>>> print(open('input-v9.csv').read())   # CSV, C-alpha atoms and all ligand atoms
chain,number,residue,atom,x,y,z
A,1,MET,CA,155.5,114.4,84.5
A,2,ILE,CA,158.0,111.9,83.1
A,3,SER,CA,161.0,114.0,82.0
A,4,GLN,CA,162.9,111.2,80.4
A,5,PRO,CA,161.6,108.1,78.5
A,6,LEU,CA,161.8,105.0,80.6
A,7,ARG,CA,164.9,103.1,79.8
A,8,ASN,CA,165.4,99.5,79.4
A,9,ASN,CA,167.9,99.2,82.2
A,10,ALA,CA,166.3,96.5,84.3
A,11,GLY,CA,167.5,93.6,82.1
A,12,GLN,CA,165.4,91.0,80.5
A,13,LEU,CA,162.5,89.5,82.5
A,14,LYS,CA,161.9,85.7,82.2
A,15,VAL,CA,158.1,85.4,82.3
A,16,SER,CA,156.3,82.1,82.6
A,17,VAL,CA,152.6,82.5,81.7
A,18,TRP,CA,149.9,79.9,82.2
A,19,ARG,CA,148.2,79.3,78.8
A,20,GLY,CA,145.1,77.1,78.4
A,21,ASP,CA,141.4,76.8,79.2
A,22,GLU,CA,139.1,74.8,81.4
A,23,SER,CA,140.3,71.5,79.8
A,24,GLY,CA,143.9,72.2,80.9
A,25,GLY,CA,147.0,74.1,80.0
A,26,ARG,CA,150.7,74.6,80.5
A,27,HIS,CA,153.2,77.3,81.2
A,28,VAL,CA,154.8,79.2,78.3
A,29,ASP,CA,158.0,81.2,78.7
A,30,TYR,CA,158.4,84.7,77.3
A,31,ASP,CA,161.3,87.2,77.4
A,32,VAL,CA,160.1,90.6,78.2
A,33,PRO,CA,162.3,93.8,78.3
A,34,GLY,CA,162.5,95.1,81.9
A,35,LEU,CA,161.8,98.7,82.5
A,36,GLU,CA,162.6,101.1,85.3
A,37,SER,CA,159.0,101.4,86.3
A,38,GLN,CA,156.7,98.5,85.2
A,39,THR,CA,153.7,96.8,86.5
A,40,VAL,CA,152.9,93.1,86.1
A,41,LEU,CA,149.9,94.2,83.9
A,42,ASP,CA,152.4,96.1,81.7
A,43,VAL,CA,154.3,92.8,81.3
A,44,VAL,CA,151.2,90.9,80.3
A,45,THR,CA,150.2,93.6,77.9
A,46,TRP,CA,153.7,93.6,76.4
A,47,ILE,CA,153.5,89.9,75.7
A,48,GLN,CA,150.1,90.3,74.1
A,49,ARG,CA,151.2,93.2,71.9
A,50,HIS,CA,154.6,91.9,70.9
A,51,SER,CA,154.8,88.1,71.4
A,52,ASP,CA,151.4,86.5,71.2
A,53,PRO,CA,148.2,88.4,70.4
A,54,SER,CA,146.1,85.4,71.3
A,55,LEU,CA,146.9,85.8,75.1
A,56,SER,CA,143.7,86.5,77.0
A,57,TYR,CA,143.5,88.5,80.2
A,58,ARG,CA,141.3,91.1,81.8
A,59,PHE,CA,141.8,94.6,82.9
A,60,ALA,CA,140.0,98.0,82.6
A,61,CYS,CA,141.0,100.9,84.8
A,62,ARG,CA,144.7,100.3,85.3
A,63,VAL,CA,144.7,102.4,88.4
A,64,GLY,CA,143.4,99.9,91.1
A,65,MET,CA,139.7,100.8,91.0
A,66,CYS,CA,137.8,98.3,88.9
A,67,GLY,CA,139.2,95.1,90.4
A,68,SER,CA,139.3,93.2,87.1
A,69,CYS,CA,143.0,92.6,86.7
A,70,ALA,CA,143.8,90.2,89.5
A,71,MET,CA,146.1,87.2,88.7
A,72,THR,CA,148.3,84.8,90.6
A,73,VAL,CA,151.8,86.3,90.5
A,74,ASN,CA,154.7,84.1,91.7
A,75,GLY,CA,152.2,82.1,93.6
A,76,VAL,CA,150.4,85.0,95.2
A,77,PRO,CA,147.1,86.6,94.2
A,78,ARG,CA,147.6,90.3,93.3
A,79,TRP,CA,146.1,93.2,91.5
A,80,THR,CA,148.4,93.3,88.6
A,81,CYS,CA,147.9,96.9,87.5
A,82,ARG,CA,149.3,98.1,90.8
A,83,SER,CA,151.9,95.4,91.5
A,84,HIS,CA,155.3,96.7,90.4
A,85,VAL,CA,157.6,94.1,88.9
A,86,ARG,CA,160.5,95.2,91.1
A,87,ASP,CA,158.4,94.4,94.2
A,88,VAL,CA,157.2,91.0,93.1
A,89,ALA,CA,159.8,89.5,90.7
A,90,ARG,CA,162.3,87.1,92.1
A,91,SER,CA,165.6,87.8,90.3
A,92,ASN,CA,163.9,88.8,87.1
A,93,LEU,CA,161.6,85.8,87.2
A,94,LEU,CA,157.8,86.1,87.0
A,95,THR,CA,155.2,83.3,87.0
A,96,ILE,CA,151.8,84.6,86.0
A,97,GLU,CA,148.7,82.4,86.4
A,98,PRO,CA,145.0,82.8,86.6
A,99,LEU,CA,143.4,83.3,90.0
A,100,ARG,CA,142.9,80.2,92.1
A,101,ASN,CA,139.4,79.0,93.2
A,102,LEU,CA,137.7,80.2,90.0
A,103,PRO,CA,137.1,78.3,86.7
A,104,VAL,CA,139.5,79.5,83.9
A,105,ILE,CA,137.8,80.7,80.7
A,106,LYS,CA,141.1,81.2,78.9
A,107,ASP,CA,144.7,81.9,79.9
A,108,LEU,CA,144.6,84.5,82.6
A,109,ALA,CA,140.9,85.3,82.4
A,110,CYS,CA,138.7,83.6,85.0
A,111,ASP,CA,134.9,83.1,85.2
A,112,MET,CA,133.9,85.4,88.1
A,113,SER,CA,130.2,84.3,88.1
A,114,ALA,CA,130.4,82.2,91.2
A,115,PHE,CA,132.2,85.0,93.1
A,116,PHE,CA,129.5,87.5,92.3
A,117,GLU,CA,126.6,85.1,92.8
A,118,LYS,CA,127.9,84.6,96.3
A,119,TRP,CA,127.6,88.3,96.9
A,120,ASP,CA,123.9,87.9,96.2
A,121,ASP,CA,123.7,84.7,98.4
A,122,ALA,CA,125.2,86.7,101.3
A,123,MET,CA,122.5,89.4,100.6
A,124,GLY,CA,125.1,91.9,99.5
A,125,ARG,CA,122.4,94.1,98.1
A,126,PHE,CA,121.2,97.2,100.0
A,127,HIS,CA,117.6,97.0,101.1
A,128,PRO,CA,116.4,100.6,101.6
A,129,THR,CA,114.1,101.7,104.5
A,130,ALA,CA,113.3,105.0,102.9
A,131,THR,CA,112.0,106.2,99.5
A,132,ARG,CA,113.2,109.1,97.4
A,133,GLY,CA,110.3,111.1,98.9
A,134,ASP,CA,111.9,110.9,102.4
A,135,ASP,CA,114.5,113.2,103.8
A,136,VAL,CA,118.1,112.0,103.7
A,137,GLU,CA,118.8,110.2,106.9
A,138,PRO,CA,121.6,111.9,108.9
A,139,ILE,CA,124.4,109.4,109.7
A,140,ARG,CA,127.0,110.3,112.2
A,141,PRO,CA,130.4,109.4,110.7
A,142,GLY,CA,131.7,108.6,114.2
A,143,SER,CA,129.0,106.2,115.2
A,144,ILE,CA,130.2,102.6,115.9
A,145,GLY,CA,128.1,101.1,113.2
A,146,ARG,CA,129.3,103.6,110.6
A,147,ARG,CA,132.9,103.1,111.5
A,148,GLU,CA,132.5,99.4,111.1
A,149,ALA,CA,130.8,99.8,107.8
A,150,ASP,CA,133.4,102.3,106.5
A,151,ALA,CA,136.2,100.0,107.4
A,152,GLY,CA,135.1,97.5,104.8
A,153,ILE,CA,133.3,99.6,102.3
A,154,GLU,CA,136.2,100.2,99.8
A,155,CYS,CA,136.2,96.7,98.4
A,156,ILE,CA,136.9,96.7,94.6
A,157,ASN,CA,135.6,93.2,94.0
A,158,CYS,CA,138.9,91.9,92.8
A,159,ALA,CA,138.5,88.4,94.2
A,160,VAL,CA,142.1,88.4,95.5
A,161,CYS,CA,140.8,87.4,98.9
A,162,TYR,CA,138.6,84.7,97.4
A,163,SER,CA,141.5,83.3,95.6
A,164,ALA,CA,143.7,83.3,98.7
A,165,CYS,CA,141.1,81.6,100.9
A,166,ASP,CA,141.7,77.9,101.6
A,167,VAL,CA,138.2,77.4,102.9
A,168,VAL,CA,136.9,78.4,99.4
A,169,ALA,CA,139.2,75.7,98.0
A,170,TYR,CA,137.9,73.1,100.5
A,171,LYS,CA,134.2,74.0,100.3
A,172,GLN,CA,132.6,74.7,97.0
A,173,ASP,CA,129.7,76.7,98.4
A,174,TYR,CA,131.6,78.8,101.1
A,175,LEU,CA,130.5,82.4,100.5
A,176,GLY,CA,134.0,83.7,100.8
A,177,PRO,CA,135.7,86.7,102.4
A,178,ALA,CA,134.5,89.4,100.0
A,179,ALA,CA,130.8,88.6,100.0
A,180,LEU,CA,130.9,88.2,103.8
A,181,ASN,CA,132.8,91.5,104.2
A,182,ARG,CA,130.1,93.2,102.1
A,183,ALA,CA,127.4,91.6,104.3
A,184,TRP,CA,129.1,93.0,107.4
A,185,THR,CA,129.1,96.6,106.0
A,186,LEU,CA,125.3,96.3,105.4
A,187,VAL,CA,124.6,94.7,108.8
A,188,ASN,CA,126.2,97.9,110.2
A,189,ASP,CA,124.2,100.2,108.0
A,190,VAL,CA,121.3,101.7,110.0
A,191,ARG,CA,119.5,102.6,106.7
A,192,ASP,CA,119.3,98.9,105.7
A,193,ALA,CA,116.0,97.0,106.3
A,194,ALA,CA,117.2,93.4,105.9
A,195,ARG,CA,119.5,92.9,108.9
A,196,GLY,CA,117.8,89.8,110.3
A,197,ALA,CA,117.4,88.1,106.9
A,198,ARG,CA,121.1,88.9,106.1
A,199,LEU,CA,122.3,87.5,109.4
A,200,ARG,CA,120.3,84.4,108.7
A,201,ALA,CA,121.8,84.1,105.2
A,202,VAL,CA,125.4,84.4,106.4
A,203,ALA,CA,124.8,82.0,109.4
A,204,SER,CA,124.1,79.2,107.0
A,205,ASP,CA,126.4,76.2,106.6
A,206,ALA,CA,128.3,77.9,103.8
A,207,GLY,CA,128.5,81.2,105.7
A,208,CYS,CA,130.7,83.0,108.2
A,209,HIS,CA,130.9,80.1,110.7
A,210,SER,CA,132.9,78.1,108.2
A,211,CYS,CA,135.7,80.7,108.3
A,212,HIS,CA,138.9,79.4,110.0
A,213,SER,CA,140.2,83.0,110.7
A,214,HIS,CA,143.5,82.1,109.1
A,215,GLN,CA,143.6,85.6,107.5
A,216,SER,CA,145.0,84.9,104.1
A,217,CYS,CA,142.3,87.2,102.8
A,218,THR,CA,143.5,90.0,105.0
A,219,THR,CA,147.1,89.4,104.2
A,220,TRP,CA,146.6,89.8,100.4
A,221,CYS,CA,143.7,92.2,100.1
A,222,PRO,CA,145.3,95.0,98.0
A,223,ILE,CA,143.1,97.7,99.6
A,224,GLU,CA,144.2,96.4,103.0
A,225,LEU,CA,140.7,95.6,104.2
A,226,ASN,CA,140.2,93.1,106.9
A,227,PRO,CA,137.6,90.6,105.9
A,228,THR,CA,138.6,88.3,108.8
A,229,ALA,CA,137.5,91.0,111.2
A,230,SER,CA,134.3,91.5,109.4
A,231,ILE,CA,133.6,87.8,109.4
A,232,ALA,CA,134.3,87.7,113.1
A,233,GLY,CA,131.7,90.4,113.6
A,234,LEU,CA,129.2,88.4,111.6
A,235,LYS,CA,130.0,85.3,113.7
A,236,ARG,CA,129.3,87.3,116.9
A,237,GLN,CA,126.2,89.1,115.7
A,238,SER,CA,124.6,86.0,114.1
A,239,ALA,CA,125.2,83.9,117.1
A,240,LEU,CA,123.8,86.6,119.3
A,241,ALA,CA,120.7,86.9,117.1
A,242,ILE,CA,120.1,83.1,117.3
A,243,LEU,CA,120.6,83.0,121.1
A,244,THR,CA,118.2,85.9,121.6
A,245,GLY,CA,115.7,84.4,119.3
A,246,LYS,CA,115.8,87.2,116.8
A,247,ILE,CA,116.6,84.8,113.9
A,248,SER,CA,116.2,81.1,113.6
A,249,LEU,CA,117.8,78.6,111.3
A,250,ASP,CA,115.2,75.9,112.0
A,251,ASP,CA,113.6,75.7,108.6
A,252,GLU,CA,116.9,75.0,106.8
B,253,MET,CA,123.5,75.0,114.8
B,254,LEU,CA,126.7,73.0,115.1
B,255,PHE,CA,128.8,76.1,115.2
B,256,LEU,CA,126.9,77.3,118.3
B,257,ALA,CA,127.6,74.0,120.1
B,258,GLN,CA,131.2,74.4,119.0
B,259,ARG,CA,131.4,77.8,120.6
B,260,ILE,CA,129.6,76.9,123.8
B,261,SER,CA,131.6,73.8,124.3
B,262,ALA,CA,134.8,75.8,123.8
B,263,LEU,CA,133.6,78.3,126.4
B,264,ILE,CA,133.1,75.5,128.9
B,265,MET,CA,136.2,73.6,128.0
B,266,ALA,CA,138.7,76.5,128.2
B,267,PRO,CA,138.6,77.1,131.9
B,268,LEU,CA,138.3,73.4,132.7
B,269,ALA,CA,141.4,72.7,130.6
B,270,LEU,CA,143.3,75.3,132.6
B,271,VAL,CA,142.1,73.8,135.9
B,272,HIS,CA,143.2,70.4,134.7
B,273,LEU,CA,146.7,71.7,133.7
B,274,VAL,CA,147.1,73.5,137.1
B,275,LEU,CA,146.1,70.3,138.8
B,276,ILE,CA,148.7,68.2,137.0
B,277,VAL,CA,151.4,70.6,137.9
B,278,TYR,CA,150.2,70.8,141.5
B,279,ALA,CA,150.1,67.0,141.9
B,280,VAL,CA,153.5,66.5,140.3
B,281,GLN,CA,155.2,69.4,142.2
B,282,GLY,CA,153.5,68.3,145.4
B,283,GLY,CA,154.8,64.8,145.0
B,284,LEU,CA,151.4,63.2,145.3
B,285,ASP,CA,151.4,59.5,144.4
B,286,ALA,CA,148.5,57.6,142.9
B,287,GLN,CA,147.1,56.5,146.2
B,288,GLU,CA,147.1,60.1,147.6
B,289,ILE,CA,145.4,61.4,144.5
B,290,LEU,CA,142.7,58.6,144.6
B,291,SER,CA,142.1,59.2,148.2
B,292,ARG,CA,141.1,62.8,147.3
B,293,THR,CA,139.0,62.1,144.3
B,294,ARG,CA,137.2,58.9,145.4
B,295,GLY,CA,133.6,59.6,146.3
B,296,SER,CA,133.9,63.3,145.4
B,297,ILE,CA,130.9,64.7,143.6
B,298,ALA,CA,132.8,67.9,142.9
B,299,TRP,CA,135.6,66.1,141.0
B,300,ALA,CA,133.1,63.9,139.2
B,301,THR,CA,131.1,66.9,138.1
B,302,LEU,CA,134.2,68.9,137.0
B,303,TYR,CA,135.7,66.1,135.0
B,304,GLY,CA,132.3,64.9,133.7
B,305,LEU,CA,131.6,68.3,132.3
B,306,PHE,CA,135.0,68.4,130.8
B,307,VAL,CA,134.5,65.1,129.1
B,308,ILE,CA,131.1,66.2,127.6
B,309,ALA,CA,132.6,69.5,126.4
B,310,VAL,CA,135.6,67.8,124.9
B,311,SER,CA,133.5,65.2,123.1
B,312,VAL,CA,131.1,67.8,121.6
B,313,HIS,CA,133.9,70.1,120.6
B,314,ALA,CA,136.2,67.4,119.1
B,315,ALA,CA,133.4,65.7,117.2
B,316,ILE,CA,132.4,68.9,115.5
B,317,GLY,CA,136.0,69.8,114.8
B,318,LEU,CA,136.8,66.4,113.4
B,319,ARG,CA,133.6,66.7,111.2
B,320,ALA,CA,135.0,69.9,109.7
B,321,VAL,CA,138.4,68.2,109.1
B,322,GLY,CA,136.7,65.2,107.5
B,323,GLN,CA,134.6,67.4,105.3
B,324,GLU,CA,137.3,69.8,104.2
B,325,TRP,CA,140.5,67.7,104.1
B,326,LEU,CA,139.2,64.2,103.4
B,327,LYS,CA,136.2,65.3,101.4
B,328,LEU,CA,133.9,63.0,103.3
B,329,GLN,CA,130.1,63.4,102.9
B,330,GLY,CA,126.9,61.7,103.9
B,331,THR,CA,127.2,58.4,105.8
B,332,LEU,CA,131.0,58.4,106.2
B,333,LEU,CA,130.9,61.9,107.6
B,334,ASN,CA,128.2,61.0,110.0
B,335,VAL,CA,130.1,57.9,111.1
B,336,LEU,CA,133.1,60.1,111.8
B,337,THR,CA,131.1,62.7,113.7
B,338,TRP,CA,129.0,60.2,115.8
B,339,GLY,CA,131.9,57.8,116.2
B,340,SER,CA,134.1,60.5,117.8
B,341,GLY,CA,131.1,62.1,119.5
B,342,LEU,CA,130.2,58.8,121.2
B,343,GLY,CA,133.6,57.2,121.4
B,344,LEU,CA,135.3,60.0,123.3
B,345,PRO,CA,132.7,60.2,126.1
B,346,LEU,CA,133.0,56.4,126.5
B,347,LEU,CA,136.7,56.7,127.1
B,348,GLY,CA,136.3,59.8,129.1
B,349,PHE,CA,133.6,58.6,131.5
B,350,ARG,CA,135.5,55.4,132.0
B,351,ALA,CA,138.5,57.4,133.3
B,352,VAL,CA,136.2,59.6,135.4
B,353,TYR,CA,134.6,56.5,136.9
B,354,ALA,CA,138.0,55.1,137.7
B,355,VAL,CA,139.1,58.0,139.7
B,356,VAL,CA,135.9,59.0,141.5
B,357,ALA,CA,134.1,55.7,142.1
B,358,GLY,CA,134.8,53.5,145.0
C,1,LIG,S1,140.1,84.3,107.4
C,1,LIG,FE1,138.3,83.2,106.8
C,1,LIG,S2,137.7,84.2,104.8
C,1,LIG,FE2,139.8,84.9,105.3
C,1,LIG,S3,141.1,83.5,104.2
C,1,LIG,FE3,140.8,82.6,106.2
C,1,LIG,S4,139.1,81.2,106.1
C,1,LIG,FE4,139.1,82.5,104.3
C,2,LIG,S1,138.0,92.4,100.2
C,2,LIG,FE1,139.9,93.1,99.3
C,2,LIG,S2,140.8,91.4,98.2
C,2,LIG,FE2,138.6,90.9,98.6
C,2,LIG,S3,137.6,91.5,96.7
C,2,LIG,FE3,137.5,93.3,98.2
C,2,LIG,S4,139.3,94.5,97.6
C,2,LIG,FE4,139.6,92.5,96.7
C,3,LIG,S1,142.9,97.2,86.0
C,3,LIG,FE1,141.4,98.0,87.4
C,3,LIG,S2,142.1,97.4,89.3
C,3,LIG,FE2,143.7,96.7,88.0
>>> encode(input="input-v9.csv", output="structure tokens", more="lines below")
Ligand code: SF4
Ligand code: SF4
Ligand code: FES
Amino acid sequence: MISQPLRNNAGQLKVSVWRGDESGGRHVDYDVPGLESQTVLDVVTWIQRHSDPSLSYRFACRVGMCGSCAMTVNGVPRWTCRSHVRDVARSNLLTIEPLRNLPVIKDLACDMSAFFEKWDDAMGRFHPTATRGDDVEPIRPGSIGRREADAGIECINCAVCYSACDVVAYKQDYLGPAALNRAWTLVNDVRDAARGARLRAVASDAGCHSCHSHQSCTTWCPIELNPTASIAGLKRQSALAILTGKISLDDE
Amino acid sequence: MLFLAQRISALIMAPLALVHLVLIVYAVQGGLDAQEILSRTRGSIAWATLYGLFVIAVSVHAAIGLRAVGQEWLKLQGTLLNVLTWGSGLGLPLLGFRAVYAVVAG
């Protein structure tokens, strides 16, 4: 419980916000009162409520679950609802821009379509082996496959990793860390029926083998997942599947 | 399938590169001059095989690596990209085998 109202004792924040749309834009400066405890999303909301109601941005849960509030803050992709100003501002200066690697719709809101389409391309959907008539399959939490899957399962689809990845910037069709991380969790799910087809999908030219393992995704993922490790797993498993003849890339 | 060739050539290249480095240090430390080195390598099938394999692995690996650099950094596509890939993939073995020939033939 907050016993005292938050005081304006952190001075003024100088906030430079990117305003524009797909045809271009520029930075606009705002003065925002600093608070003792304040997230970057609070700052953006303050600007929209008090300075310019036409500012567009996206958020929903405000507690780090929905993954909709990611923006580039002082050059780094972050979930803004859980990024405290005191942790990310440089001497009361904040630069807030839309995520990199995604087309801007307006101001801080990006078009996430390509990001989610790539989840489909990487076969990010679960393909069940059982029907509702079957018994629930017992899964041992300690089994290797389950531990691998659990390590990547908490992704909130925020696209921070996608925005941080240079290969996405280089290669339009690269599936990206989040979609590949998702594929890895399913490759390790014994209840899934599409292992071969999925390994084939991620071994394509735009898939896991394009990753340079430079770990920007892992550095900035707010949930502290390790997509680089998941992708390394996909590289191993898909190469193994090709070498043992379990999948073939011939008809590509 | 290029990525597989890339991985396999790396697997072959890594130990050979180590052997090559150790050899350089050994030759320099041991004070071997060019004549002494050549007297050991000339006519040797073992050295020819070792360095021949090295040249092939390097050529495959470098060509695929340069292809990725060309694609991602220089935004090359189509013919230009193929010229870079095949140019390095054929040019490197040309240089490499010339050198191997020079030390083992005769
Ligand atoms: S490790 Fe791979 S997926 Fe992650 S940022 Fe680097 S290239 Fe992108
Ligand atoms: S892997 Fe991490 S950074 Fe990438 S979308 Fe999921 S939660 Fe966000
Ligand atoms: S608003 Fe939902 S994660 Fe930030």
>>> residues_near_point(input="input-v9.csv", point="(138.3, 68.5, 136.3)", cutoff="6 Å", atoms="all atoms listed in the file", output="VMD selection string")
chain B and resid 272 299 302 to 303
>>> closest_residue(input="input-v9.csv", among="A:Ala197, A:Val63, A:Val168, A:Leu180", to="chain B", atoms="all atoms listed in the file")
A:Val168
>>> interface_residues(input="input-v9.csv", of="chain B", to="chain A", cutoff="10 Å", atoms="only C-alpha atoms", output="ChimeraX atom specification")
/B:253-256,259,320-321,323-327
>>> atom_distance(input="input-v9.csv", atom1="CA of Arg191 in chain A", atom2="CA of Gly133 in chain A")
14.8 Å
>>> residues_near_ligand(input="input-v9.csv", ligand="ligand LIG 3 (chain C)", cutoff="6 Å", atoms="all atoms listed in the file", output="list in words")
Phe59, Ala60, Cys61, Arg62, Val63, Gly64, Met65, Cys66, Gly67, Ser68, Cys69, Trp79, Thr80 and Cys81 of chain A
>>> residues_near_ligand(input="input-v9.csv", ligand="ligand LIG 1 (chain C)", cutoff="6 Å", atoms="all atoms listed in the file", output="count of residues only")
13
>>> residues_near_ligand(input="input-v9.csv", ligand="ligand LIG 2 (chain C)", cutoff="10 Å", atoms="all atoms listed in the file", output="PyMOL selection string")
chain A and resi 64-68+70+77-79+115+152-165+176-182+216-228+230
>>> atom_distance(input="input-v9.csv", atom1="CA of Gly330 in chain B", atom2="CA of Tyr174 in chain A")
18.0 Å
>>> atom_distance(input="input-v9.csv", atom1="CA of His313 in chain B", atom2="CA of Leu342 in chain B")
11.9 Å
